[in-house]
Amino acid sequence: MRRNLAARLGVWSAHHRKTAILGWLVFVVLATVIGGATGTVTASDEEMGVGDSGRAAEILKDAGIDEPAGELVMVGARTADGWRDAAADLSQALDATGEVRGLKAPLPSEDGKDALLRFEIKGASDEAVDRVQPVLDAVAKARADGEARGISVYQFGDASSEKELSDLLADDLKKAEFTAVPLALGILLIAFGAVVAALLPVGLALTACVAAFGLLSLASHQLHLFETTYSVMFLMGLAVGVDYCLFYLRRERDERAVGRDAETALRIAAATSGRAVLVSGLTVMVAMAGMFLSGLLLFKGFAVATILVVCVAMLGSVTVLPALLAWLGDRIDAGRIPFLNRRAKKGAHASGGLAAKVLRPVLARPKFFAVGATVLLLALAAPALGMKTEQLGLEKQFGSDAPLSVAYQEITDEFPGGPAPARVVVKADDIGAQPVRDALDALTRKAGDGAELTVHEAAGVAEIAVPLPGTGTDAEAKKALHELRDDTVPAAFDGLDVEAYVGGDLASSEDFGDQLGKGIVPVFAFITAVTFLLMLFSFRSVVIAVTSVALNLLSVGAAYGVMTAVFQHGWGAELIGSEKVGAVENWMPLFVLVVLFGLSMDYHVFVVSRIRESRDRGMDNRSAIREGIMRTAGAVTGAAVIMVAVFAVFGTLSMQDMQQMGVGLGVAVLLDATVVRMILLPSLMTLLGERNWHTPRYLRWLPKIAHEDAEPTAPPHPFNPPVPSAR
């Protein structure tokens, strides 16, 4: 019988183990070295923009106008004018750093107890992060010196906040690496009871991540990346890489446990679990490609990163892993841990026994459990009906008690709109023409106190910084922004041949959200269609394909509901060290949707493939379901625990969006591996009966995948008595 692709790859690798192993190592080293040599290109503010704010940024970029990195420092005192000496000393200290330009006279607050110092960081804006440290040191010294005199000092600005963000992301990624990897290793030690067997999946997953990092650096020269992209890549790479190896390794060990010789066991694992890995990996990659349809650079970067790391992990699992297994042989159990090893040897039967206890009532009363599981998932999803999304500002990303968030709040309370004004960008063939200048001056006056007009004569461009009311990001500010865009700016330049767009932080956030709303429909349509078609092709069953999509949607809905409950409403947020922020990060629902549709295929393809395998050997539908789920219970449980542990690490990081991503994905995977795979899937497949495996006449041209080298139907396990038919 002709072997499938995964079987051919596994057999070739086992017979050419030295070539496969050395080839993998060379590939990882080359990808790492070349990627490190070329460096990574991050996205600029202009590239991030969409809509009117993106057009405004593009005009400035085309004109060669670099928006300087502005900084604000507020000096406060207990009495009116009590800040003057401290502000004067700080102004001198800032000048002395040599990194400041355009330092303006202190701007007093209405009550006279606070003053605002406004200045810019010298040099190009993209270099400001590297130059801001002396300024931060000067402000920190002024803060320390003023504490005894009752003087408060707060700083917020483009360079200071970006540096804080970059440093925090770097620290969080290190924390994730040093926490998630030992966690995964510990779980695998418990699962296998041997050091080598536990190290193998972690080692392959880490080398896959390292190689993918190098490849992503190369790709960044064509598609510029956000800083969070690498965190997402590591999260996906470690979870998927370990899972793929675990599925493969578990099947090989199961075959050895029932008396197969090493070569036969490896061949069966390659033909079955290897094929499931290929189908799952392909499904994940194609689903991730749907993010290109969002029209947003952030998601395009996520798509490239996840496709690369999943592809590398998948290829490693079906090539170098069988080579390593063939080379190690029985040494895979080297470094046995006595107590854990005894437990691992009983693992298949233990997990099967637990699965049998769960399955017995589920298969006996499938309708009851199908309805119950569905109601539970819908109840968890209910809070998502009131989900609010927004682009969380830095003050919410860091937490309300973080120094940067406190500084932002203090400054915006005393000087509303200061840190985040709207920017009206105007382009004209003759920016100095009297009608255009009159319109610019009139608009500046109408914008009120604090509005500033800057004209770049040579470039034919003008800018007006317009302070927004409220905090600069709240409902009051959004209302003012829409009035500015819809009424004020169009009226000011009515009849003039100019281009006028409103940009700024809030405008960018609003445009980003609008584009997300437009992009989620084609992305959703794409991934559901792709999932349906891939499952249809793999199992030649419309019913299996439809139920796959439906089960994924239930998992996603439950994840949405939990994220909304925890982060929007604050239910239980303190338990994970987070807090209520009143909204979900606006890119999170689309990201979670795509990732979960991809990741859930890990379990679904693995479990349904094993059920189909038993069905092809002649078992009836109910027995095949019981056999397939029981034999995959250990691997699915281990893989789910590792994924949930990795995602949970991200749920404890400092950034609010990382917390939301970790909690959303972790909860979804946990529900997917327990409620969906152990209760809803078997009960639903039992109710559907033989319709699960019916191939319509018009689809019988699809190739039928046979499971070669599979053993005949196994006798019932002693802990698995026949389940009575439902009446």
# chains A, B, ... in the order shown; residues from 1 in each chain; ligands from 1
$ residues_around --residues "stretch 606-617 of chain A" --least-positions-apart "4" --cutoff "6 Å" --atoms "only C-alpha atoms" --output "PyMOL selection string"
chain A and resi 276+624-625+628
$ residues_around --residues "A:Ala492" --least-positions-apart "2" --cutoff "12 Å" --atoms "only C-alpha atoms" --output "list in words"
Val424, Val426, Pro435, Val436, Arg437, Asp438, Ala439, Leu440, Asp441, Ala442, Leu443, Thr444, Arg445, Lys446, Ala447, Leu484, Arg485, Asp486, Asp487, Thr488, Val489, Pro490, Asp494, Gly495, Leu496, Asp497, Val498, Glu499 and Ala500 of chain A
$ closest_atom_pairs --of "stretch 85-181 of chain A" --to "stretch 67-79 of chain A" --cutoff "9 Å" --atoms "only C-alpha atoms" --output "CSV"
residue,atom,partner,partner_atom,distance
A:Ala86,CA,A:Val75,CA,7.4
A:Ala87,CA,A:Val75,CA,6.4
A:Pro106,CA,A:Met74,CA,8.9
A:Gly112,CA,A:Thr79,CA,7.8
A:Lys113,CA,A:Ala77,CA,5.4
A:Asp114,CA,A:Gly76,CA,4.2
A:Ala115,CA,A:Val75,CA,5.4
A:Leu116,CA,A:Met74,CA,4.5
A:Leu117,CA,A:Val73,CA,5.1
A:Arg118,CA,A:Leu72,CA,4.9
A:Phe119,CA,A:Glu71,CA,5.5
A:Glu120,CA,A:Gly70,CA,4.4
A:Ile121,CA,A:Ala69,CA,5.6
A:Lys122,CA,A:Pro68,CA,7.7
A:Gly123,CA,A:Pro68,CA,7.8
A:Ala124,CA,A:Pro68,CA,6.7
A:Ser125,CA,A:Pro68,CA,5.1
A:Asp126,CA,A:Ala69,CA,8.4
A:Ala128,CA,A:Ala69,CA,6.4
A:Val129,CA,A:Ala69,CA,8.9
A:Val139,CA,A:Val73,CA,8.0
A:Arg143,CA,A:Val75,CA,8.9
A:Arg149,CA,A:Ala77,CA,8.5
A:Gly150,CA,A:Ala77,CA,6.2
A:Ile151,CA,A:Ala77,CA,4.9
A:Ser152,CA,A:Gly76,CA,5.0
A:Val153,CA,A:Val75,CA,4.7
A:Tyr154,CA,A:Met74,CA,5.2
A:Gln155,CA,A:Val73,CA,4.3
A:Phe156,CA,A:Leu72,CA,5.4
A:Gly157,CA,A:Glu71,CA,4.0
A:Asp158,CA,A:Ala69,CA,5.2
A:Ala159,CA,A:Ala69,CA,5.9
A:Ser160,CA,A:Glu71,CA,7.5
$ select_by_dssp --residues "stretch 76-253 of chain A" --states "alpha helix (DSSP H)" --output "PyMOL selection string"
chain A and resi 84-97+128-131+133-147+158-192+195-219+228-253
$ residues_around --residues "A:Leu380" --least-positions-apart "3" --cutoff "8 Å" --atoms "only C-alpha atoms" --output "ChimeraX atom specification"
/A:376-377,383,557-559,561-562
$ residues_around --residues "A:Gly666" --least-positions-apart "6" --cutoff "8 Å" --atoms "only C-alpha atoms" --output "list of chain:residue names"
A:Met643, A:Val644, A:Ala645, A:Phe647, A:Ala648
$ closest_residue --among "A:Gly460, A:Gly102, A:Pro416, A:Gly598" --to "A:Ala303" --atoms "only C-alpha atoms"
A:Gly598
